[in-house]
$ cat target-v3.pdb   # PDB, C-alpha atoms
ATOM      1  CA  MET U 496       0.275  10.868   0.041
ATOM      2  CA  GLU U 497       1.949   7.769   1.403
ATOM      3  CA  GLY U 498       2.494   6.594  -2.153
ATOM      4  CA  HIS U 499       4.306   9.826  -2.985
ATOM      5  CA  GLN U 500       6.395   9.515   0.154
ATOM      6  CA  ARG U 501       7.259   5.950  -0.847
ATOM      7  CA  ASN U 502       8.372   7.173  -4.264
ATOM      8  CA  LEU U 503      10.414  10.173  -3.098
ATOM      9  CA  TYR U 504      13.709   8.464  -3.924
ATOM     10  CA  LEU U 505      12.467   7.876  -7.473
ATOM     11  CA  TYR U 506      11.189  11.442  -7.829
ATOM     12  CA  ASP U 507      14.618  12.617  -6.770
ATOM     13  CA  ARG U 508      16.141  10.413  -9.439
ATOM     14  CA  TYR U 509      14.018  12.254 -12.000
ATOM     15  CA  ASN U 510      14.852  15.722 -10.638
ATOM     16  CA  THR U 511      11.370  16.135  -9.265
ATOM     17  CA  ARG U 512      10.014  17.744  -6.146
ATOM     18  CA  VAL U 513       6.586  17.041  -4.751
ATOM     19  CA  ALA U 514       4.222  19.207  -2.739
ATOM     20  CA  GLY U 515       0.795  18.394  -1.408
ATOM     21  CA  VAL U 516      -2.002  20.924  -1.317
ATOM     22  CA  SER U 517      -4.899  20.714   1.091
ATOM     23  CA  VAL U 518      -7.722  22.892   2.357
ATOM     24  CA  ASP U 519      -6.931  21.703   5.868
ATOM     25  CA  ASP U 520      -5.359  24.180   8.279
ATOM     26  CA  VAL U 521      -1.662  24.204   9.154
ATOM     27  CA  THR U 522      -2.079  22.558  12.553
ATOM     28  CA  THR U 523      -4.082  19.684  11.102
ATOM     29  CA  LEU U 524      -1.537  19.158   8.349
ATOM     30  CA  LYS U 525       1.329  19.257  10.811
ATOM     31  CA  TYR U 526      -0.105  16.444  12.904
ATOM     32  CA  TRP U 527      -1.300  14.510   9.883
ATOM     33  CA  ALA U 528       2.155  14.653   8.274
ATOM     34  CA  LYS U 529       3.741  13.457  11.498
ATOM     35  CA  SER U 530       1.339  10.548  11.844
ATOM     36  CA  MET U 531       1.927   9.482   8.245
ATOM     37  CA  ASP U 532       5.701  10.099   8.257
ATOM     38  CA  VAL U 533       5.287  12.517   5.352
ATOM     39  CA  THR U 534       8.429  14.616   4.870
ATOM     40  CA  PHE U 535       7.651  16.595   1.716
ATOM     41  CA  PRO U 536       5.963  20.048   1.944
ATOM     42  CA  LEU U 537       2.235  20.244   2.476
ATOM     43  CA  LEU U 538       0.616  23.542   1.585
ATOM     44  CA  SER U 539      -2.356  24.683   3.602
ATOM     45  CA  ASN U 540      -4.751  26.316   1.200
ATOM     46  CA  VAL U 541      -7.845  26.904   3.283
ATOM     47  CA  THR U 542      -9.466  29.283   0.826
ATOM     48  CA  GLY U 543      -8.931  26.942  -2.082
ATOM     49  CA  PHE U 544      -7.348  29.597  -4.317
ATOM     50  CA  LEU U 545      -4.367  27.442  -5.253
ATOM     51  CA  GLY U 546      -6.568  24.555  -6.216
ATOM     52  CA  SER U 547      -8.762  26.866  -8.249
ATOM     53  CA  SER U 548      -5.720  28.084 -10.141
ATOM     54  CA  PHE U 549      -5.151  24.486 -11.212
ATOM     55  CA  GLY U 550      -8.794  24.053 -12.126
ATOM     56  CA  VAL U 551      -9.881  22.125  -9.054
ATOM     57  CA  SER U 552     -13.348  23.073  -7.829
ATOM     58  CA  PRO U 553     -15.283  22.214  -4.696
ATOM     59  CA  SER U 554     -17.290  19.048  -5.108
ATOM     60  CA  PRO U 555     -20.932  19.793  -5.982
ATOM     61  CA  GLU U 556     -21.971  16.585  -4.271
ATOM     62  CA  ILE U 557     -21.589  17.894  -0.739
ATOM     63  CA  LYS U 558     -23.222  21.293  -0.531
ATOM     64  CA  GLY U 559     -21.869  23.800   1.948
ATOM     65  CA  TYR U 560     -18.799  21.729   2.745
ATOM     66  CA  PRO U 561     -15.409  22.545   1.234
ATOM     67  CA  VAL U 562     -14.521  19.145  -0.151
ATOM     68  CA  PHE U 563     -12.294  19.358  -3.206
ATOM     69  CA  GLY U 564     -11.526  16.652  -5.704
ATOM     70  CA  ARG U 565      -8.102  15.057  -5.981
ATOM     71  CA  ARG U 566      -5.983  16.167  -8.887
ATOM     72  CA  THR U 567      -2.385  15.431  -9.771
ATOM     73  CA  VAL U 568      -0.565  18.163 -11.659
ATOM     74  CA  ILE U 569       2.968  17.993 -12.993
ATOM     75  CA  VAL U 570       4.649  21.276 -13.800
ATOM     76  CA  ASP U 571       7.908  21.209 -15.748
ATOM     77  CA  LYS U 572      10.924  23.352 -15.003
ATOM     78  CA  ALA U 573       9.724  25.977 -17.440
ATOM     79  CA  GLY U 574       6.527  26.337 -15.419
ATOM     80  CA  ILE U 575       4.346  24.644 -17.993
ATOM     81  CA  ILE U 576       1.666  22.238 -16.826
ATOM     82  CA  ARG U 577       2.468  18.944 -18.515
ATOM     83  CA  TYR U 578       0.215  16.462 -16.770
ATOM     84  CA  VAL U 579      -3.205  16.669 -15.159
ATOM     85  CA  LYS U 580      -5.156  13.717 -13.880
ATOM     86  CA  ASP U 581      -8.127  13.549 -11.525
ATOM     87  CA  GLY U 582      -8.792  10.958  -8.889
ATOM     88  CA  SER U 583      -6.392   8.845  -6.892
ATOM     89  CA  PRO U 584      -2.822   9.215  -8.158
ATOM     90  CA  ASP U 585      -1.678   6.595 -10.662
ATOM     91  CA  PHE U 586       1.843   6.279  -9.319
ATOM     92  CA  LYS U 587       3.211   4.117 -12.104
ATOM     93  CA  ASP U 588       1.804   6.485 -14.714
ATOM     94  CA  ILE U 589       3.320   9.440 -12.855
ATOM     95  CA  LEU U 590       6.738   7.778 -12.680
ATOM     96  CA  LEU U 591       6.729   6.880 -16.360
ATOM     97  CA  PHE U 592       5.786  10.467 -17.219
ATOM     98  CA  LEU U 593       8.509  11.890 -14.987
ATOM     99  CA  LYS U 594      11.067   9.561 -16.501
ATOM    100  CA  LYS U 595      10.101  10.750 -19.969
ATOM    101  CA  LEU U 596      10.133  14.384 -18.856
ATOM    102  CA  ASN U 597      13.553  13.974 -17.285
ATOM    103  CA  GLN U 598      14.928  12.403 -20.467
ATOM    104  CA  GLU U 599      13.549  15.325 -22.463
ATOM    105  CA  GLY U 600      15.223  17.740 -20.078
ATOM    106  CA  GLY U 601      18.512  15.896 -20.351
ATOM    107  CA  LYS U 602      18.610  16.337 -24.117
ATOM    108  CA  SER U 603      18.005  20.082 -24.066
TER     109      SER U 603
ATOM    110  CA  MET W1484      21.858  25.409  -9.772
ATOM    111  CA  ARG W1485      20.014  22.557 -11.258
ATOM    112  CA  LYS W1486      16.446  23.382 -11.892
ATOM    113  CA  LYS W1487      13.933  21.019 -10.546
ATOM    114  CA  THR W1488      10.756  19.871 -12.033
ATOM    115  CA  PHE W1489       7.944  20.559  -9.658
ATOM    116  CA  VAL W1490       5.127  18.205  -9.163
ATOM    117  CA  ILE W1491       2.170  19.638  -7.403
ATOM    118  CA  PHE W1492      -0.245  17.077  -6.299
ATOM    119  CA  CYS W1493      -3.446  18.912  -5.604
ATOM    120  CA  CYS W1494      -4.945  16.513  -3.175
ATOM    121  CA  LEU W1495      -7.370  19.081  -1.920
ATOM    122  CA  SER W1496      -9.087  16.814   0.470
ATOM    123  CA  PHE W1497      -7.766  14.087   2.695
ATOM    124  CA  ILE W1498     -11.142  12.452   2.772
ATOM    125  CA  ALA W1499      -9.922   9.456   0.908
ATOM    126  CA  LEU W1500     -11.932   6.504  -0.199
ATOM    127  CA  TRP W1501     -10.189   4.210   2.243
ATOM    128  CA  MET W1502     -12.152   1.199   1.199
ATOM    129  CA  ALA W1503     -11.702   1.716  -2.529
ATOM    130  CA  GLY W1504      -9.674  -1.446  -2.826
ATOM    131  CA  CYS W1505     -12.368  -3.886  -1.815
ATOM    132  CA  ALA W1506     -11.404  -7.526  -2.069
ATOM    133  CA  THR W1507     -13.496 -10.257  -3.595
ATOM    134  CA  THR W1508     -13.129 -13.998  -3.536
ATOM    135  CA  GLU W1509     -12.522 -15.785  -6.770
ATOM    136  CA  ARG W1510     -13.585 -19.395  -7.216
ATOM    137  CA  SER W1511     -11.551 -20.370 -10.212
ATOM    138  CA  GLY W1512      -8.866 -17.749 -10.675
ATOM    139  CA  LYS W1513      -8.361 -19.424 -14.045
ATOM    140  CA  SER W1514      -7.307 -16.248 -15.751
ATOM    141  CA  LYS W1515      -4.249 -15.790 -13.568
ATOM    142  CA  VAL W1516      -3.344 -19.218 -12.216
ATOM    143  CA  LYS W1517      -1.317 -21.891 -13.956
ATOM    144  CA  TRP W1518      -0.262 -25.139 -12.309
ATOM    145  CA  THR W1519       3.195 -26.572 -12.850
ATOM    146  CA  PRO W1520       4.167 -30.292 -12.825
ATOM    147  CA  GLN W1521       6.063 -29.587  -9.590
ATOM    148  CA  GLY W1522       2.811 -28.699  -7.799
ATOM    149  CA  THR W1523       3.512 -24.992  -7.652
ATOM    150  CA  VAL W1524       1.304 -22.277  -9.075
ATOM    151  CA  ILE W1525       2.353 -19.529 -11.445
ATOM    152  CA  TRP W1526       0.343 -16.394 -10.787
ATOM    153  CA  ASP W1527      -0.150 -14.065 -13.725
ATOM    154  CA  LYS W1528       3.177 -15.198 -15.249
ATOM    155  CA  GLU W1529       4.928 -13.215 -12.531
ATOM    156  CA  PHE W1530       5.064 -15.172  -9.267
ATOM    157  CA  GLU W1531       5.550 -18.842  -8.435
ATOM    158  CA  PHE W1532       4.621 -20.399  -5.098
ATOM    159  CA  LEU W1533       3.201 -23.460  -3.380
ATOM    160  CA  PRO W1534      -0.553 -22.811  -3.083
ATOM    161  CA  PRO W1535      -2.683 -23.497   0.002
ATOM    162  CA  PRO W1536      -5.074 -26.496   0.186
ATOM    163  CA  LYS W1537      -8.428 -26.366  -1.621
ATOM    164  CA  GLU W1538     -10.433 -24.969   1.274
ATOM    165  CA  TRP W1539      -8.662 -21.665   0.817
ATOM    166  CA  SER W1540     -10.399 -19.282  -1.623
ATOM    167  CA  ILE W1541      -8.454 -16.905  -3.825
ATOM    168  CA  ILE W1542      -9.015 -13.229  -3.086
ATOM    169  CA  THR W1543      -8.091 -10.409  -5.421
ATOM    170  CA  VAL W1544      -8.547  -6.649  -5.461
ATOM    171  CA  GLU W1545     -10.917  -5.311  -8.124
ATOM    172  CA  VAL W1546     -10.294  -1.579  -7.771
ATOM    173  CA  GLY W1547      -7.415   0.348  -6.259
ATOM    174  CA  GLY W1548      -5.507  -2.058  -4.130
ATOM    175  CA  GLU W1549      -4.481  -2.564  -0.566
ATOM    176  CA  PHE W1550      -2.717  -5.734  -1.633
ATOM    177  CA  GLY W1551      -2.099  -7.830  -4.738
ATOM    178  CA  PHE W1552      -3.742 -11.164  -4.174
ATOM    179  CA  GLY W1553      -4.180 -13.757  -1.483
ATOM    180  CA  PHE W1554      -6.230 -16.532   0.021
ATOM    181  CA  MET W1555      -8.818 -16.815   2.761
ATOM    182  CA  ARG W1556     -10.466 -19.546   4.771
ATOM    183  CA  VAL W1557     -13.591 -19.336   6.900
ATOM    184  CA  GLU W1558     -13.019 -21.433  10.019
ATOM    185  CA  LYS W1559     -14.966 -23.117  12.796
ATOM    186  CA  GLY W1560     -16.435 -20.879  15.446
ATOM    187  CA  ALA W1561     -18.522 -17.729  15.551
ATOM    188  CA  PHE W1562     -17.730 -14.651  13.488
ATOM    189  CA  PRO W1563     -15.034 -13.458  12.834
ATOM    190  CA  SER W1564     -13.348 -16.869  12.722
ATOM    191  CA  GLN W1565     -11.328 -16.695   9.533
ATOM    192  CA  SER W1566      -7.783 -16.553   8.241
ATOM    193  CA  THR W1567      -6.555 -14.457   5.335
ATOM    194  CA  PHE W1568      -3.107 -14.146   3.844
ATOM    195  CA  VAL W1569      -1.918 -11.970   0.996
ATOM    196  CA  TYR W1570       1.055 -10.793  -0.996
ATOM    197  CA  ASP W1571       1.343  -7.011  -0.996
ATOM    198  CA  GLU W1572       3.771  -5.013  -3.145
ATOM    199  CA  GLU W1573       2.950  -1.705  -1.483
ATOM    200  CA  PRO W1574       2.813  -2.384   2.255
ATOM    201  CA  PHE W1575       2.060   0.538   4.564
ATOM    202  CA  GLY W1576       5.023   2.782   5.203
ATOM    203  CA  CYS W1577       7.789   4.144   3.029
ATOM    204  CA  SER W1578      11.209   3.181   4.321
ATOM    205  CA  LEU W1579      13.431   0.800   2.378
ATOM    206  CA  ASN W1580      14.881  -0.405   5.682
ATOM    207  CA  PHE W1581      13.050  -3.380   7.229
ATOM    208  CA  GLU W1582      13.258  -2.246  10.831
ATOM    209  CA  LYS W1583      12.031   1.268  10.072
ATOM    210  CA  ARG W1584       9.413  -0.066   7.668
ATOM    211  CA  GLN W1585       7.878  -2.416  10.203
ATOM    212  CA  GLU W1586       7.515   0.521  12.608
ATOM    213  CA  GLU W1587       5.708   2.528   9.926
ATOM    214  CA  PHE W1588       3.664  -0.478   8.842
ATOM    215  CA  PHE W1589       2.252  -1.265  12.245
ATOM    216  CA  LYS W1590       1.049   2.304  12.712
ATOM    217  CA  ARG W1591      -1.617   1.620  10.112
ATOM    218  CA  TYR W1592      -1.919  -2.134   9.875
ATOM    219  CA  LEU W1593      -5.456  -3.345  10.634
ATOM    220  CA  TRP W1594      -6.421   0.264  11.200
ATOM    221  CA  THR W1595      -5.144   0.104  14.736
ATOM    222  CA  THR W1596      -5.591   3.838  15.158
ATOM    223  CA  ALA W1597      -9.234   3.706  14.117
ATOM    224  CA  MET W1598     -10.091   0.572  16.051
ATOM    225  CA  THR W1599      -9.729  -0.236  19.708
ATOM    226  CA  LEU W1600      -7.213  -2.898  18.813
ATOM    227  CA  ASP W1601      -4.229  -3.143  21.114
ATOM    228  CA  MET W1602      -1.481  -4.828  19.087
ATOM    229  CA  LYS W1603       1.625  -6.339  20.621
ATOM    230  CA  ILE W1604       4.692  -7.796  18.909
ATOM    231  CA  LEU W1605       5.217 -11.396  20.035
ATOM    232  CA  GLU W1606       8.205 -12.311  17.872
ATOM    233  CA  LYS W1607      10.547 -10.649  15.415
ATOM    234  CA  LYS W1608      13.286 -12.448  13.511
ATOM    235  CA  LYS W1609      15.333 -12.295  10.334
ATOM    236  CA  VAL W1610      14.287 -14.699   7.582
ATOM    237  CA  THR W1611      15.136 -15.524   3.996
ATOM    238  CA  VAL W1612      12.322 -14.812   1.576
ATOM    239  CA  ALA W1613      12.208 -14.796  -2.231
ATOM    240  CA  GLY W1614      15.945 -15.449  -2.265
ATOM    241  CA  GLY W1615      16.839 -12.452  -0.162
ATOM    242  CA  GLU W1616      16.872 -11.092   3.349
ATOM    243  CA  GLY W1617      13.625 -10.498   5.160
ATOM    244  CA  LEU W1618      12.052  -9.787   8.506
ATOM    245  CA  ALA W1619       9.182 -11.763  10.040
ATOM    246  CA  VAL W1620       7.035 -10.239  12.761
ATOM    247  CA  VAL W1621       4.313 -12.035  14.715
ATOM    248  CA  THR W1622       1.760  -9.846  16.457
ATOM    249  CA  GLU W1623      -1.403 -10.279  18.447
ATOM    250  CA  GLY W1624      -4.102  -7.780  19.258
ATOM    251  CA  GLN W1625      -7.309  -7.705  21.234
ATOM    252  CA  ASP W1626     -10.341  -5.505  20.804
ATOM    253  CA  PRO W1627     -12.112  -5.467  24.166
ATOM    254  CA  VAL W1628     -14.981  -3.415  22.741
ATOM    255  CA  LYS W1629     -15.865  -5.786  19.923
ATOM    256  CA  LYS W1630     -14.667  -8.752  21.973
ATOM    257  CA  GLU W1631     -12.484  -9.930  19.105
ATOM    258  CA  LYS W1632      -8.811 -10.748  18.771
ATOM    259  CA  VAL W1633      -6.383 -11.227  15.920
ATOM    260  CA  LYS W1634      -3.062 -12.967  15.519
ATOM    261  CA  SER W1635      -0.939 -11.979  12.597
ATOM    262  CA  LYS W1636       2.358 -12.757  10.921
ATOM    263  CA  VAL W1637       3.941 -10.226   8.617
ATOM    264  CA  VAL W1638       6.983 -11.030   6.484
ATOM    265  CA  PHE W1639       8.876  -8.136   4.926
ATOM    266  CA  GLY W1640      11.105  -8.845   1.936
ATOM    267  CA  LYS W1641      12.619  -7.053  -1.026
ATOM    268  CA  ARG W1642      11.716  -7.019  -4.677
ATOM    269  CA  GLY W1643      14.492  -5.064  -6.265
ATOM    270  CA  GLU W1644      15.132  -2.172  -3.907
ATOM    271  CA  ARG W1645      11.526  -1.875  -2.706
ATOM    272  CA  VAL W1646      10.050  -3.490   0.369
ATOM    273  CA  VAL W1647       7.191  -5.923  -0.220
ATOM    274  CA  SER W1648       5.276  -8.025   2.278
ATOM    275  CA  TRP W1649       3.350 -11.191   2.894
ATOM    276  CA  TYR W1650       0.945 -11.220   5.811
ATOM    277  CA  LEU W1651      -1.568 -13.450   7.500
ATOM    278  CA  THR W1652      -4.351 -12.376   9.826
ATOM    279  CA  GLN W1653      -6.389 -14.809  11.889
ATOM    280  CA  TRP W1654      -9.460 -13.373  13.629
ATOM    281  CA  ARG W1655     -11.282 -14.954  16.502
ATOM    282  CA  GLN W1656     -13.779 -14.073  19.172
ATOM    283  CA  ILE W1657     -11.853 -12.999  22.232
ATOM    284  CA  ASP W1658     -12.264 -16.381  23.971
ATOM    285  CA  GLY W1659     -11.599 -18.407  20.790
ATOM    286  CA  ALA W1660      -8.530 -20.541  20.078
ATOM    287  CA  TYR W1661      -6.112 -19.819  17.255
ATOM    288  CA  ASP W1662      -5.429 -22.462  14.610
ATOM    289  CA  ASP W1663      -1.706 -22.845  13.923
ATOM    290  CA  SER W1664      -2.316 -24.826  10.734
ATOM    291  CA  ALA W1665      -3.131 -21.578   8.904
ATOM    292  CA  PHE W1666       0.260 -20.202   9.896
ATOM    293  CA  GLN W1667       1.944 -23.327   8.549
ATOM    294  CA  VAL W1668       0.112 -22.927   5.233
ATOM    295  CA  PHE W1669       1.171 -19.293   5.148
ATOM    296  CA  ASP W1670       4.792 -20.175   5.893
ATOM    297  CA  THR W1671       4.756 -22.579   2.944
ATOM    298  CA  PHE W1672       3.295 -19.822   0.741
ATOM    299  CA  TRP W1673       5.867 -17.126   1.433
ATOM    300  CA  GLY W1674       8.679 -19.630   1.889
ATOM    301  CA  SER W1675       8.211 -20.937  -1.648
ATOM    302  CA  PHE W1676       7.649 -17.545  -3.278
ATOM    303  CA  LYS W1677       9.704 -16.750  -6.400
ATOM    304  CA  TYR W1678       9.692 -13.867  -8.844
ATOM    305  CA  LEU W1679       9.598 -14.908 -12.481
ATOM    306  CA  LYS W1680      10.208 -11.476 -13.930
ATOM    307  CA  LYS W1681      11.351  -8.026 -12.920
ATOM    308  CA  SER W1682       8.911  -5.636 -11.307
ATOM    309  CA  PHE W1683       7.751  -2.350 -12.806
ATOM    310  CA  TYR W1684      10.160  -0.513 -10.541
ATOM    311  CA  GLU W1685      13.107  -2.690 -11.547
ATOM    312  CA  THR W1686      12.507  -1.882 -15.200
ATOM    313  CA  LEU W1687      11.779   1.820 -14.670
TER     314      LEU W1687
END

$ encode --input "target-v3.pdb" --output "structure tokens"
Amino acid sequence: MEGHQRNLYLYDRYNTRVAGVSVDDVTTLKYWAKSMDVTFPLLSNVTGFLGSSFGVSPSPEIKGYPVFGRRTVIVDKAGIIRYVKDGSPDFKDILLFLKKLNQEGGKS
Amino acid sequence: MRKKTFVIFCCLSFIALWMAGCATTERSGKSKVKWTPQGTVIWDKEFEFLPPPKEWSIITVEVGGEFGFGFMRVEKGAFPSQSTFVYDEEPFGCSLNFEKRQEEFFKRYLWTTAMTLDMKILEKKKVTVAGGEGLAVVTEGQDPVKKEKVKSKVVFGKRGERVVSWYLTQWRQIDGAYDDSAFQVFDTFWGSFKYLKKSFYETL
């Protein structure tokens, strides 16, 4: 999340907005965001429905505990999912993709 | 109204693999190091600097990355007597302003929130680093539980518009004496640092 916060000025340059999704409750996210100086929206999704809609499932490795995998999803302005990648975010890859997406948008 | 592209980062758990970027020492570093006739080292065709003496081992990050590369030296005295210094292109924090960035940085540096380390700033001054403005901060912290202490120097500089850093940590048992020679070696390292090409962000 800190990486995304660090890149906010670049996301803005590419007409992008970022939101984080977590199964943590609102109070936890509020304090966590404050401690990490995160200013972009964090969505509390305790039931996991939002993650499920993007194909993220609870990890089978820890039974009975709602631990979800990390997934980065980029949705374009038409609402089409253009990028999906699991694991820790590859920030350089994300920025290159957003740059390309922004250039595409500029031509249309 | 201009439509915005939305990026939804589904980080559905904050249980991160904090130690994913484990460092290893490298004996030769042949793949990335090239000596110049002037006695400097060119690292991966990207950075040039005066290297530390031979007793310092190269350390690199194999996976992930809390820093780029650096050097470490095991020193006299009981564990944890050692000094480590690195160059880090993504130091903790987000601000592009040095003063704000150092505040953010020290919230997480050395995991001060997770440890019982009480860090204090001893010195803070403006410096010139890599041909531009920078900020150097010297700190010291003690961990009364583990009976350890650490002295550190962090130099914040700019590469393009982004803040980068060089930092040294020197750990000792709580009654041990610090060795200033490591700080002198570190000062030579960051003081001689040059960029040989533009960063990813400068070419984005």

$ atom_distance --input "target-v3.pdb" --atom1 "CA of Trp1594 in chain W" --atom2 "CA of Gln1656 in chain W"
18.0 Å

$ resolve_selection --input "target-v3.pdb" --expression "the PyMOL selection byres ((chain W and resi 1619-1625) around 7)" --output "list in words"
Leu1600, Asp1601, Met1602, Lys1603, Ile1604, Leu1605, Glu1606, Lys1607, Lys1608, Lys1609, Val1610, Gly1617, Leu1618, Asp1626, Pro1627, Glu1631, Lys1632, Val1633, Lys1634, Ser1635, Lys1636, Val1637, Val1638 and Phe1639 of chain W

$ atom_distance --input "target-v3.pdb" --atom1 "CA of Gln1565 in chain W" --atom2 "CA of Leu1651 in chain W"
10.5 Å

$ interface_residues --input "target-v3.pdb" --of "chain U" --to "chain W" --cutoff "6 Å" --atoms "all atoms listed in the file" --output "ChimeraX atom specification"
/U:501,510-518,562-563,565-572

$ resolve_selection --input "target-v3.pdb" --expression "the PyMOL selection byres ((chain U and resi 542) around 12)" --output "list in words"
Val516, Ser517, Val518, Asp519, Asp520, Leu538, Ser539, Asn540, Val541, Gly543, Phe544, Leu545, Gly546, Ser547, Ser548, Ser552, Pro553, Pro561, Val562 and Phe563 of chain U; Leu1495 of chain W

$ atom_distance --input "target-v3.pdb" --atom1 "CA of Thr1519 in chain W" --atom2 "CA of Gly1614 in chain W"
20.0 Å

$ closest_residue --input "target-v3.pdb" --among "U:Lys580, U:Leu596, U:Lys525, U:Phe586" --to "Met496 in chain U" --atoms "all atoms listed in the file"
U:Phe586

$ residues_around --input "target-v3.pdb" --residues "Tyr509 in chain U" --least-positions-apart "5" --cutoff "7 Å" --atoms "all atoms listed in the file" --output "count of residues only"
3

$ closest_residue --input "target-v3.pdb" --among "U:Thr522, U:Ala573, U:Leu590, U:Glu599" --to "His499 in chain U" --atoms "only C-alpha atoms"
U:Leu590

$ closest_residue --input "target-v3.pdb" --among "W:Phe1669, W:Tyr1650, W:Phe1532, W:Trp1539" --to "Glu1558 in chain W" --atoms "only C-alpha atoms"
W:Trp1539

$ resolve_selection --input "target-v3.pdb" --expression "the PyMOL selection byres ((chain W and resi 1666-1668) around 12)" --output "MDAnalysis selection string"
chainID W and resid 1532:1539 1554:1556 1566:1569 1621 1634:1638 1649:1653 1661:1665 1669:1675

$ write_last_selection --input "target-v3.pdb" --atoms "C-alpha atoms" --output "PDB file, in the frame of the given file"
ATOM      1  CA  PHE W1532       4.621 -20.399  -5.098  1.00  0.00           C
ATOM      2  CA  LEU W1533       3.201 -23.460  -3.380  1.00  0.00           C
ATOM      3  CA  PRO W1534      -0.553 -22.811  -3.083  1.00  0.00           C
ATOM      4  CA  PRO W1535      -2.683 -23.497   0.002  1.00  0.00           C
ATOM      5  CA  PRO W1536      -5.074 -26.496   0.186  1.00  0.00           C
ATOM      6  CA  LYS W1537      -8.428 -26.366  -1.621  1.00  0.00           C
ATOM      7  CA  GLU W1538     -10.433 -24.969   1.274  1.00  0.00           C
ATOM      8  CA  TRP W1539      -8.662 -21.665   0.817  1.00  0.00           C
ATOM      9  CA  PHE W1554      -6.230 -16.532   0.021  1.00  0.00           C
ATOM     10  CA  MET W1555      -8.818 -16.815   2.761  1.00  0.00           C
ATOM     11  CA  ARG W1556     -10.466 -19.546   4.771  1.00  0.00           C
ATOM     12  CA  SER W1566      -7.783 -16.553   8.241  1.00  0.00           C
ATOM     13  CA  THR W1567      -6.555 -14.457   5.335  1.00  0.00           C
ATOM     14  CA  PHE W1568      -3.107 -14.146   3.844  1.00  0.00           C
ATOM     15  CA  VAL W1569      -1.918 -11.970   0.996  1.00  0.00           C
ATOM     16  CA  VAL W1621       4.313 -12.035  14.715  1.00  0.00           C
ATOM     17  CA  LYS W1634      -3.062 -12.967  15.519  1.00  0.00           C
ATOM     18  CA  SER W1635      -0.939 -11.979  12.597  1.00  0.00           C
ATOM     19  CA  LYS W1636       2.358 -12.757  10.921  1.00  0.00           C
ATOM     20  CA  VAL W1637       3.941 -10.226   8.617  1.00  0.00           C
ATOM     21  CA  VAL W1638       6.983 -11.030   6.484  1.00  0.00           C
ATOM     22  CA  TRP W1649       3.350 -11.191   2.894  1.00  0.00           C
ATOM     23  CA  TYR W1650       0.945 -11.220   5.811  1.00  0.00           C
ATOM     24  CA  LEU W1651      -1.568 -13.450   7.500  1.00  0.00           C
ATOM     25  CA  THR W1652      -4.351 -12.376   9.826  1.00  0.00           C
ATOM     26  CA  GLN W1653      -6.389 -14.809  11.889  1.00  0.00           C
ATOM     27  CA  TYR W1661      -6.112 -19.819  17.255  1.00  0.00           C
ATOM     28  CA  ASP W1662      -5.429 -22.462  14.610  1.00  0.00           C
ATOM     29  CA  ASP W1663      -1.706 -22.845  13.923  1.00  0.00           C
ATOM     30  CA  SER W1664      -2.316 -24.826  10.734  1.00  0.00           C
ATOM     31  CA  ALA W1665      -3.131 -21.578   8.904  1.00  0.00           C
ATOM     32  CA  PHE W1669       1.171 -19.293   5.148  1.00  0.00           C
ATOM     33  CA  ASP W1670       4.792 -20.175   5.893  1.00  0.00           C
ATOM     34  CA  THR W1671       4.756 -22.579   2.944  1.00  0.00           C
ATOM     35  CA  PHE W1672       3.295 -19.822   0.741  1.00  0.00           C
ATOM     36  CA  TRP W1673       5.867 -17.126   1.433  1.00  0.00           C
ATOM     37  CA  GLY W1674       8.679 -19.630   1.889  1.00  0.00           C
ATOM     38  CA  SER W1675       8.211 -20.937  -1.648  1.00  0.00           C
TER      39      SER W1675
END

$ closest_residue --input "target-v3.pdb" --among "W:Glu1644, W:Tyr1592, W:Lys1629, W:Gly1659" --to "Thr1686 in chain W" --atoms "all atoms listed in the file"
W:Glu1644

$ decode --input "target-v3.pdb" --residues "range 586-594 of chain U" --atoms "N, CA and C atoms" --output "PDB file, in the first residue's frame"
ATOM      1  N   PHE U 586       5.075  -2.573  -9.122  1.00  0.00           N
ATOM      2  CA  PHE U 586       4.743  -1.173  -9.341  1.00  0.00           C
ATOM      3  C   PHE U 586       5.218  -0.643 -10.699  1.00  0.00           C
ATOM      4  N   LYS U 587       6.370  -1.083 -11.125  1.00  0.00           N
ATOM      5  CA  LYS U 587       6.868  -0.601 -12.416  1.00  0.00           C
ATOM      6  C   LYS U 587       6.000  -1.135 -13.554  1.00  0.00           C
ATOM      7  N   ASP U 588       5.599  -2.393 -13.424  1.00  0.00           N
ATOM      8  CA  ASP U 588       4.722  -3.005 -14.419  1.00  0.00           C
ATOM      9  C   ASP U 588       3.376  -2.283 -14.456  1.00  0.00           C
ATOM     10  N   ILE U 589       2.865  -1.961 -13.273  1.00  0.00           N
ATOM     11  CA  ILE U 589       1.584  -1.249 -13.174  1.00  0.00           C
ATOM     12  C   ILE U 589       1.688   0.128 -13.846  1.00  0.00           C
ATOM     13  N   LEU U 590       2.768   0.833 -13.569  1.00  0.00           N
ATOM     14  CA  LEU U 590       2.930   2.178 -14.135  1.00  0.00           C
ATOM     15  C   LEU U 590       3.063   2.141 -15.660  1.00  0.00           C
ATOM     16  N   LEU U 591       3.806   1.163 -16.147  1.00  0.00           N
ATOM     17  CA  LEU U 591       3.948   1.042 -17.603  1.00  0.00           C
ATOM     18  C   LEU U 591       2.595   0.742 -18.247  1.00  0.00           C
ATOM     19  N   PHE U 592       1.807  -0.121 -17.574  1.00  0.00           N
ATOM     20  CA  PHE U 592       0.490  -0.466 -18.110  1.00  0.00           C
ATOM     21  C   PHE U 592      -0.432   0.752 -18.104  1.00  0.00           C
ATOM     22  N   LEU U 593      -0.384   1.505 -17.014  1.00  0.00           N
ATOM     23  CA  LEU U 593      -1.243   2.692 -16.908  1.00  0.00           C
ATOM     24  C   LEU U 593      -0.857   3.755 -17.937  1.00  0.00           C
ATOM     25  N   LYS U 594       0.430   3.864 -18.171  1.00  0.00           N
ATOM     26  CA  LYS U 594       0.900   4.818 -19.178  1.00  0.00           C
ATOM     27  C   LYS U 594       0.331   4.446 -20.557  1.00  0.00           C
TER      28      LYS U 594
END
